[in-house]
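Asks: Okay, so here is target-v4.cif, and as you'll see once you scroll down, it has mmCIF, C-alpha atoms.
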data_target
#
loop_
_atom_site.label_atom_id
_atom_site.label_comp_id
_atom_site.auth_asym_id
_atom_site.auth_seq_id
_atom_site.Cartn_x
_atom_site.Cartn_y
_atom_site.Cartn_z
CA MET A 113 6.20 -14.46 -28.93
CA GLY A 114 2.43 -14.63 -28.45
CA ALA A 115 2.69 -13.44 -24.87
CA GLU A 116 4.88 -10.51 -25.92
CA LEU A 117 2.40 -9.52 -28.59
CA THR A 118 -0.45 -9.70 -26.09
CA ALA A 119 1.49 -7.54 -23.63
CA ILE A 120 2.21 -4.90 -26.29
CA LEU A 121 -1.42 -4.91 -27.41
CA ASP A 122 -2.58 -4.65 -23.83
CA ALA A 123 -0.26 -1.71 -23.15
CA SER A 124 -1.47 0.04 -26.30
CA LEU A 125 -5.09 -0.43 -25.31
CA ARG A 126 -4.35 1.03 -21.91
CA VAL A 127 -2.77 4.06 -23.49
CA LEU A 128 -5.87 4.40 -25.62
CA ASP A 129 -8.04 4.29 -22.49
CA PRO A 130 -9.27 7.91 -22.29
CA ASP A 131 -8.70 8.29 -18.54
CA THR A 132 -5.17 6.93 -18.79
CA ALA A 133 -4.49 9.27 -21.69
CA LEU A 134 -5.79 12.20 -19.64
CA MET A 135 -3.58 11.23 -16.73
CA LEU A 136 -0.53 10.99 -19.00
CA ARG A 137 -1.29 14.45 -20.38
CA PHE A 138 -1.64 15.75 -16.82
CA GLN A 139 1.71 14.18 -16.00
CA ALA A 140 3.18 16.00 -18.98
CA GLY A 141 1.98 19.32 -17.56
CA GLU A 142 -1.56 19.90 -18.83
CA ALA A 143 -3.23 20.97 -15.60
CA ALA A 144 -6.69 21.13 -17.17
CA CYS A 145 -6.65 17.34 -17.62
CA PHE A 146 -6.70 16.93 -13.85
CA ASP A 147 -9.97 18.89 -13.63
CA GLN A 148 -11.44 16.62 -16.28
CA LEU A 149 -10.40 13.54 -14.33
CA VAL A 150 -11.98 14.94 -11.15
CA ALA A 151 -15.20 15.70 -13.03
CA ARG A 152 -15.32 12.20 -14.52
CA PHE A 153 -14.57 10.28 -11.34
CA GLN A 154 -16.03 12.24 -8.47
CA ALA A 155 -19.55 10.77 -8.69
CA PRO A 156 -18.64 7.08 -9.14
CA LEU A 157 -15.87 7.32 -6.57
CA LEU A 158 -18.20 8.97 -4.07
CA GLY A 159 -20.62 6.06 -4.56
CA PHE A 160 -17.81 3.59 -3.98
CA VAL A 161 -16.44 5.24 -0.86
CA PHE A 162 -19.90 5.90 0.57
CA ARG A 163 -20.78 2.21 0.25
CA LEU A 164 -17.73 1.41 2.32
CA VAL A 165 -17.89 4.06 5.05
CA HIS A 166 -21.64 4.94 5.15
CA ASP A 167 -20.96 8.57 5.97
CA ARG A 168 -21.32 11.33 3.40
CA ALA A 169 -19.01 13.88 5.03
CA ALA A 170 -16.31 11.27 5.58
CA SER A 171 -16.73 10.03 2.00
CA GLU A 172 -16.20 13.55 0.65
CA GLU A 173 -13.14 13.97 2.81
CA ILE A 174 -11.70 10.69 1.55
CA LEU A 175 -12.48 11.72 -2.02
CA GLN A 176 -10.66 15.01 -1.56
CA GLU A 177 -7.67 13.22 -0.09
CA ALA A 178 -7.64 10.71 -2.98
CA PHE A 179 -7.64 13.46 -5.61
CA LEU A 180 -5.02 15.37 -3.66
CA ARG A 181 -2.77 12.31 -3.69
CA VAL A 182 -3.24 11.88 -7.41
CA TYR A 183 -2.24 15.52 -7.85
CA LEU A 184 0.80 15.36 -5.57
CA HIS A 185 2.04 11.93 -6.69
CA ARG A 186 1.29 12.28 -10.40
CA ALA A 187 4.94 11.56 -11.23
CA ARG A 188 4.60 8.10 -9.66
CA TYR A 189 1.79 6.99 -11.95
CA GLN A 190 2.84 4.27 -14.39
CA PRO A 191 0.54 3.51 -17.32
CA GLN A 192 0.96 -0.25 -16.78
CA ALA A 193 -2.32 0.00 -14.89
CA ARG A 194 -5.39 1.90 -15.93
CA PHE A 195 -5.88 5.25 -14.24
CA SER A 196 -9.20 4.07 -12.75
CA THR A 197 -7.44 1.09 -11.15
CA TRP A 198 -4.85 3.37 -9.57
CA LEU A 199 -7.51 5.78 -8.33
CA TYR A 200 -9.68 3.01 -6.87
CA ARG A 201 -6.62 1.59 -5.14
CA ILE A 202 -5.92 4.93 -3.49
CA ALA A 203 -9.57 5.48 -2.51
CA ASN A 204 -9.96 1.95 -1.19
CA HIS A 205 -6.80 2.30 0.88
CA LEU A 206 -8.02 5.59 2.38
CA ALA A 207 -11.51 4.22 3.07
CA LEU A 208 -10.18 1.11 4.82
CA ASN A 209 -7.84 3.27 6.89
CA TYR A 210 -10.79 5.44 7.86
CA LEU A 211 -12.82 2.38 8.88
CA ARG A 212 -9.92 1.06 10.94
CA ASP A 213 -9.42 4.39 12.70
CA HIS A 214 -13.14 4.95 13.40
CA ARG A 215 -14.17 1.42 14.31
CA ARG A 216 -15.26 2.37 17.80
CA GLU A 217 -17.27 5.40 16.66
CA ARG A 218 -19.03 3.37 13.99
CA LEU A 219 -20.07 0.79 16.54
CA HIS A 220 -21.54 3.55 18.68
CA ASP A 221 -23.26 5.18 15.69
CA SER A 222 -24.78 1.97 14.44
CA LEU A 223 -26.63 1.55 17.71
CA ASP A 224 -28.22 4.99 17.39
CA GLN A 225 -28.66 5.09 13.64
CA SER A 226 -32.07 4.92 12.04
CA LEU A 227 -32.65 2.23 9.46
CA ASP A 228 -32.55 4.68 6.58
CA GLY A 229 -29.12 6.14 6.97
CA ASP A 230 -28.19 6.28 3.31
CA ASP A 231 -28.59 10.02 2.78
CA ALA A 232 -30.79 9.08 -0.13
CA PRO A 233 -33.15 11.65 -1.58
CA PRO A 234 -36.77 11.22 -0.50
CA ARG A 235 -38.20 8.17 -2.12
CA GLN A 236 -40.65 8.80 -4.94
CA LEU A 237 -43.83 7.05 -3.90
CA PRO A 238 -46.22 5.73 -6.52
CA ASP A 239 -49.15 7.94 -7.37
CA ARG A 240 -51.81 5.28 -7.02
CA ARG A 241 -51.23 4.23 -3.49
CA PRO A 242 -54.14 2.60 -1.78
CA SER A 243 -53.69 4.17 1.59
CA PRO A 244 -51.00 6.00 3.53
CA GLU A 245 -50.79 3.15 6.06
CA GLN A 246 -50.09 0.53 3.41
CA VAL A 247 -47.42 2.72 1.86
CA LEU A 248 -45.81 3.24 5.23
CA VAL A 249 -45.73 -0.49 5.86
CA ALA A 250 -44.30 -1.20 2.39
CA ALA A 251 -41.74 1.59 2.72
CA SER A 252 -40.58 0.39 6.08
CA ALA A 253 -40.30 -3.17 4.73
CA GLU A 254 -38.17 -1.89 1.86
CA ARG A 255 -36.04 0.13 4.25
CA LEU A 256 -35.57 -2.94 6.36
CA ARG A 257 -34.44 -4.96 3.31
CA ARG A 258 -31.99 -2.22 2.28
CA HIS A 259 -30.69 -2.07 5.81
CA ARG A 260 -30.19 -5.85 5.85
CA ILE A 261 -28.28 -5.72 2.55
CA ARG A 262 -26.13 -2.85 3.72
CA ALA A 263 -25.41 -4.56 7.05
CA ALA A 264 -24.54 -7.85 5.34
CA ILE A 265 -22.03 -6.12 3.06
CA ALA A 266 -20.63 -4.12 5.96
CA ALA A 267 -20.10 -7.35 7.92
CA LEU A 268 -17.81 -8.79 5.24
CA PRO A 269 -14.04 -8.68 5.81
CA PRO A 270 -12.57 -5.45 4.37
CA ARG A 271 -11.12 -6.93 1.17
CA GLN A 272 -14.25 -8.92 0.38
CA ARG A 273 -16.37 -5.83 0.99
CA SER A 274 -14.25 -3.72 -1.35
CA ALA A 275 -14.30 -6.45 -3.99
CA VAL A 276 -18.09 -6.81 -3.86
CA VAL A 277 -18.66 -3.05 -4.07
CA MET A 278 -16.24 -2.73 -6.99
CA HIS A 279 -17.73 -5.72 -8.82
CA LYS A 280 -21.43 -5.33 -8.13
CA TYR A 281 -21.90 -1.59 -7.84
CA GLN A 282 -18.97 -0.01 -9.70
CA GLY A 283 -18.95 -2.51 -12.57
CA LEU A 284 -15.18 -3.05 -12.50
CA ASP A 285 -13.85 -6.17 -14.21
CA TYR A 286 -11.74 -8.80 -12.47
CA ASP A 287 -8.44 -7.38 -13.66
CA GLU A 288 -9.30 -3.91 -12.44
CA ILE A 289 -10.42 -5.24 -9.06
CA ALA A 290 -7.27 -7.35 -8.87
CA GLY A 291 -5.16 -4.27 -9.67
CA ALA A 292 -6.95 -2.11 -7.11
CA LEU A 293 -6.65 -4.74 -4.37
CA GLN A 294 -3.15 -5.78 -5.47
CA LEU A 295 -4.15 -9.42 -5.86
CA SER A 296 -3.86 -11.92 -8.69
CA SER A 297 -6.87 -12.42 -10.92
CA SER A 298 -7.53 -15.91 -9.57
CA ALA A 299 -7.26 -14.72 -5.97
CA THR A 300 -9.75 -11.96 -6.76
CA LYS A 301 -12.22 -14.46 -8.21
CA SER A 302 -11.85 -16.65 -5.16
CA LEU A 303 -12.33 -13.62 -2.89
CA LEU A 304 -15.51 -12.62 -4.73
CA PHE A 305 -16.82 -16.17 -4.67
CA ARG A 306 -16.39 -16.37 -0.90
CA ALA A 307 -17.92 -12.93 -0.42
CA TYR A 308 -21.02 -13.80 -2.44
CA GLU A 309 -21.38 -17.11 -0.63
CA SER A 310 -21.29 -15.29 2.71
CA LEU A 311 -23.91 -12.81 1.48
CA ARG A 312 -26.09 -15.63 0.19
CA ARG A 313 -26.04 -17.30 3.60
CA GLU A 314 -26.65 -14.04 5.42
CA LEU A 315 -29.53 -12.91 3.19
CA LYS A 316 -31.08 -16.28 2.32
CA ASP A 317 -34.44 -15.37 3.90
CA LEU A 318 -34.73 -12.39 1.51
CA LEU A 319 -33.98 -14.41 -1.63
CA MET B 15 -14.44 -26.90 -7.12
CA LYS B 16 -13.67 -23.89 -9.31
CA PRO B 17 -15.15 -20.72 -7.81
CA GLN B 18 -18.03 -19.47 -9.93
CA ILE B 19 -19.06 -15.84 -9.61
CA PRO B 20 -22.86 -15.59 -9.76
CA PRO B 21 -24.20 -14.11 -13.03
CA PRO B 22 -26.14 -10.81 -12.95
CA SER B 23 -29.41 -12.75 -13.19
CA ASP B 24 -28.67 -14.55 -9.93
CA PRO B 25 -31.32 -13.78 -7.26
CA LEU B 26 -28.59 -12.63 -4.86
CA LEU B 27 -27.24 -10.04 -7.28
CA ARG B 28 -30.76 -8.85 -8.04
CA LEU B 29 -31.38 -8.48 -4.33
CA LEU B 30 -28.17 -6.45 -3.95
CA ASP B 31 -29.51 -4.06 -6.59
CA GLU B 32 -32.06 -2.87 -4.07
CA TRP B 33 -29.40 -1.02 -2.13
CA GLN B 34 -28.74 2.03 -4.25
CA PRO B 35 -27.69 4.94 -2.07
CA ARG B 36 -27.34 8.20 -3.98
CA PRO B 37 -25.04 10.42 -1.97
CA GLN B 38 -24.76 13.92 -3.40
CA LEU B 39 -21.57 15.91 -3.39
CA ASP B 40 -21.56 19.12 -1.45
CA PRO B 41 -21.77 22.10 -3.87
CA GLY B 42 -18.54 23.48 -2.44
CA PHE B 43 -16.60 20.27 -3.12
CA ASP B 44 -14.70 21.55 -6.15
CA ARG B 45 -13.89 24.86 -4.49
CA ARG B 46 -12.55 23.12 -1.39
CA LEU B 47 -10.52 20.75 -3.52
CA GLN B 48 -9.00 23.63 -5.47
CA ARG B 49 -8.07 25.36 -2.20
CA ARG B 50 -6.40 22.21 -0.92
CA LEU B 51 -4.51 21.71 -4.17
CA GLN B 52 -3.25 25.29 -4.10
CA ALA B 53 -2.22 24.95 -0.46
CA ALA B 54 -0.42 21.69 -1.19
CA ALA B 55 1.35 23.17 -4.21
CA ALA B 56 2.44 26.22 -2.21
CA ALA B 57 3.53 24.23 0.84
CA PRO B 58 7.29 23.99 1.38
CA PRO B 59 8.90 20.55 1.16
CA ALA B 60 8.55 18.23 4.14
CA TRP B 61 12.17 18.67 5.32
CA ARG B 62 11.73 22.46 5.47
CA ARG B 63 8.46 22.11 7.42
CA TRP B 64 10.23 19.76 9.84
CA LEU B 65 13.04 22.28 10.29
CA ALA B 66 10.57 25.10 10.83
CA ASP B 67 8.89 23.13 13.62
CA LEU B 68 12.16 22.79 15.55
CA SER B 69 13.16 25.25 18.29
CA PRO B 70 16.06 27.62 17.38
CA GLN B 71 18.52 25.69 19.60
CA LEU B 72 17.60 22.37 18.01
CA ARG B 73 17.81 23.97 14.57
CA TRP B 74 21.39 25.12 15.29
CA ALA B 75 22.26 21.73 16.74
CA SER B 76 20.92 19.89 13.70
CA ALA B 77 22.80 22.28 11.41
CA ALA B 78 26.02 21.65 13.38
CA VAL B 79 25.55 17.88 13.24
CA THR B 80 24.92 18.05 9.50
CA LEU B 81 28.03 20.19 8.99
CA ALA B 82 30.14 17.80 11.05
CA LEU B 83 28.85 14.86 9.05
CA LEU B 84 29.61 16.63 5.79
CA LEU B 85 33.14 17.50 6.96
CA THR B 86 33.79 13.91 8.01
CA LEU B 87 32.50 12.67 4.70
CA GLY B 88 34.64 15.21 2.86
CA LEU B 89 37.79 14.20 4.73
CA PHE B 90 37.05 10.56 4.12
CA VAL B 91 36.63 11.14 0.40
CA PHE B 92 39.59 13.47 -0.14
CA ARG B 93 42.08 11.43 1.85
CA GLY B 94 41.23 8.40 -0.18
CA ALA B 95 40.43 6.43 2.90
CA ALA B 96 39.06 3.45 1.17
CA PRO B 97 38.62 0.25 3.18
CA ALA B 98 41.60 -2.11 2.98
CA PRO B 99 41.21 -4.76 0.30
CA PRO B 100 40.64 -8.23 1.66
CA PRO B 101 43.78 -10.41 1.74
CA ALA B 102 44.26 -12.81 -1.12
CA PRO B 103 43.22 -16.28 -0.02
CA TYR B 104 46.52 -18.00 -0.71
CA GLN B 105 48.92 -15.09 -0.17
CA THR B 106 51.92 -16.06 1.99
CA ALA B 107 53.03 -13.77 4.78
CA GLN B 108 55.90 -11.43 3.95
CA VAL B 109 58.75 -11.94 6.50
CA ASP B 110 61.65 -9.59 6.96
CA PRO B 111 64.99 -11.32 5.98
CA VAL B 112 66.70 -10.32 9.25
CA MET B 113 63.84 -11.78 11.24
CA ARG B 114 64.02 -14.94 9.15
CA ASP B 115 67.77 -15.30 9.89
CA LEU B 116 67.20 -14.76 13.58
CA GLN B 117 64.44 -17.35 13.49
CA THR B 118 66.78 -19.80 11.75
CA LEU B 119 69.48 -19.19 14.36
CA ALA B 120 67.03 -19.73 17.16
CA ASN B 121 65.87 -22.99 15.57
CA ASP B 122 69.45 -24.16 15.20
CA GLY B 123 70.11 -23.32 18.84
CA ASP B 124 67.11 -25.39 19.84
CA LEU B 125 68.34 -28.30 17.74
CA LEU B 126 71.78 -28.20 19.39
CA ASP B 127 70.20 -28.17 22.84
CA HIS B 128 68.18 -31.22 21.90
CA LEU B 129 71.27 -32.98 20.62
CA ASP B 130 73.05 -32.25 23.92
CA PHE B 131 70.12 -33.65 25.80
CA LEU B 132 70.07 -36.79 23.68
CA SER B 133 73.79 -37.33 23.92
CA ALA B 134 74.04 -36.67 27.68
CA PRO B 135 72.93 -40.18 29.01
CA ASN B 136 75.23 -41.96 26.58
CA SER B 137 78.22 -39.98 27.73
CA ARG B 138 77.30 -40.70 31.36
CA SER B 139 77.07 -44.46 30.77
CA THR B 140 80.42 -44.38 28.98
CA ARG B 141 81.89 -42.66 31.99
CA LEU B 142 80.42 -45.33 34.34
CA GLN B 143 81.83 -48.15 32.17
CA ASP B 144 85.24 -46.48 32.31
CA ARG B 145 85.05 -46.39 36.14
CA ASP B 146 84.19 -50.11 36.25
#
Before anything else, please render the file you have as structure tokens.

Replies:
Amino acid sequence: MGAELTAILDASLRVLDPDTALMLRFQAGEAACFDQLVARFQAPLLGFVFRLVHDRAASEEILQEAFLRVYLHRARYQPQARFSTWLYRIANHLALNYLRDHRRERLHDSLDQSLDGDDAPPRQLPDRRPSPEQVLVAASAERLRRHRIRAAIAALPPRQRSAVVMHKYQGLDYDEIAGALQLSSSATKSLLFRAYESLRRELKDLL
Amino acid sequence: MKPQIPPPSDPLLRLLDEWQPRPQLDPGFDRRLQRRLQAAAAAPPAWRRWLADLSPQLRWASAAVTLALLLTLGLFVFRGAAPAPPPAPYQTAQVDPVMRDLQTLANDGDLLDHLDFLSAPNSRSTRLQDRD
């Protein structure tokens, strides 16, 4: 009885989730809702995919493909899962496929790549810098740290990498991560625990 | 040991905060997406695209094969050719009465032959005793 009540309450909350509601309206034929979903998710999803593939053009391509799949397969969406979970699942699947297909190229690129390959806007340097040399040294040290972090995350197995990016950088909760990776909640926690332990070992000199 | 996810205040998670790439979307992203959506919506179904990619000969051949399959299926359905029901587990075989009579006669014939065979040595010994 209690479990049934919880399930009904859970389903109702999901329906009340604004993104899920938008998706259901899109399913019912309101095309404008799709544009709203794209506008809401394109920035966070780009951040997610970029952290996995480290290539802006490829990330955009994956994003386009993910939205295209949502559009084409809208009839398949079931509101048992949140819309964001479904979208992250699609994007994660596409990103991991991309990484699998471009493994050799990435290895080649990583040898040539500069340390600051994040396509980040130019860093805002503090106004009161003592000297250009000191700033350069500090900036290069920071770049090196960022590169180490990025490399440590990239070295994780694909599922662990996705889980860490979803948990740490996208702020998804365990259930959403579990839904996106199609794992149980306990398996997701175990996966995250192992991933963070690996990162802690890899980055212990920076802690 | 129960796996414990580090809290946000954990030094590791604070270190991970340092990696904050800010990729920017290309200004033409929405336009390109709209173009792709329109193209996908206007695209014919996959089976028609597959058919369009075939050469004319193969297209005719596939049409002929499909037609033949449909005809076979139609015949099968209209002639009521359903698979034979499995025999009942304890059903006895139906035997024609004439065959049964013939079988009985044959069995009787066999029995008489056996009787002859059994009675033959006795009759011979009787004959030998008579000679003595």

Asks: Mind giving me the straight-line distance from CA of Asp127 (chain B) to CA of Arg114 (chain B) in Å, one decimal?

Replies: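 Between CA of Asp127 (chain B) and CA of Arg114 (chain B) the gap is 20.0 Å.
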
Asks: Give me, as an MDAnalysis selection string, the residues of chain A touching chain B, with the criterion being at most 7 Å (counting all atoms listed in the file).

Replies: chainID A and resid 159 168 176 180 230:232 258 261:262 301:302 304:305 312 319

Asks: Exactly which residues make up the result of the PyMOL selection byres ((chain A and resi 277) around 12) on this file, given as number ranges by chain?

Replies: A: 156-157, 159-165, 200, 204, 261-262, 265-266, 268, 270-276, 278-285, 289, 304, 307-308; B: 27, 30-31, 33-34

Asks: In Å, rounded to a single decimal, give me how far CA of Glu177 (chain A) is from CA of Ala203 (chain A).

Replies: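 Distance between the two atoms: 8.3 Å.
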
Asks: Translate the PyMOL selection byres ((chain A and resi 206) around 10) into a concrete residue list for this structure, as a list in words.

Replies: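 Evaluating the PyMOL selection byres ((chain A and resi 206) around 10) on these coordinates yields Val161, Ser171, Glu173, Ile174, Leu175, Glu177, Ala178, Tyr200, Arg201, Ile202, Ala203, Asn204, His205, Ala207, Leu208, Asn209, Tyr210, Leu211 and Arg212 of chain A.
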
Asks: Using the atoms already present, construct N, CA and C atoms for region 46-59 of chain B and hand them back as a compact mmCIF listing (two decimals), keeping the file's coordinate frame.

Replies:
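Done, and the output landed in result-v8.txt:
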# COMPACT_ATOMS: atom_id res chain seq x y z
N ARG B 46 -13.42 23.58 -2.50
CA ARG B 46 -12.55 23.12 -1.39
C ARG B 46 -11.35 22.34 -1.92
N LEU B 47 -11.61 21.54 -2.94
CA LEU B 47 -10.52 20.75 -3.52
C LEU B 47 -9.47 21.68 -4.14
N GLN B 48 -9.93 22.68 -4.86
CA GLN B 48 -9.00 23.63 -5.47
C GLN B 48 -8.15 24.33 -4.40
N ARG B 49 -8.81 24.70 -3.31
CA ARG B 49 -8.07 25.36 -2.20
C ARG B 49 -6.99 24.44 -1.65
N ARG B 50 -7.37 23.17 -1.46
CA ARG B 50 -6.40 22.21 -0.92
C ARG B 50 -5.25 21.98 -1.89
N LEU B 51 -5.57 21.93 -3.17
CA LEU B 51 -4.51 21.71 -4.17
C LEU B 51 -3.54 22.89 -4.18
N GLN B 52 -4.11 24.10 -4.10
CA GLN B 52 -3.25 25.29 -4.10
C GLN B 52 -2.36 25.31 -2.85
N ALA B 53 -2.99 24.97 -1.71
CA ALA B 53 -2.22 24.95 -0.46
C ALA B 53 -1.11 23.91 -0.53
N ALA B 54 -1.43 22.75 -1.09
CA ALA B 54 -0.42 21.69 -1.19
C ALA B 54 0.70 22.09 -2.14
N ALA B 55 0.33 22.76 -3.24
CA ALA B 55 1.35 23.17 -4.21
C ALA B 55 2.25 24.26 -3.63
N ALA B 56 1.66 25.11 -2.78
CA ALA B 56 2.44 26.22 -2.21
C ALA B 56 3.22 25.81 -0.97
N ALA B 57 2.88 24.66 -0.42
CA ALA B 57 3.53 24.23 0.84
C ALA B 57 5.00 23.93 0.59
N PRO B 58 5.88 24.31 1.54
CA PRO B 58 7.29 23.99 1.38
C PRO B 58 7.50 22.49 1.50
N PRO B 59 8.65 21.99 1.05
CA PRO B 59 8.90 20.55 1.16
C PRO B 59 8.90 20.08 2.62
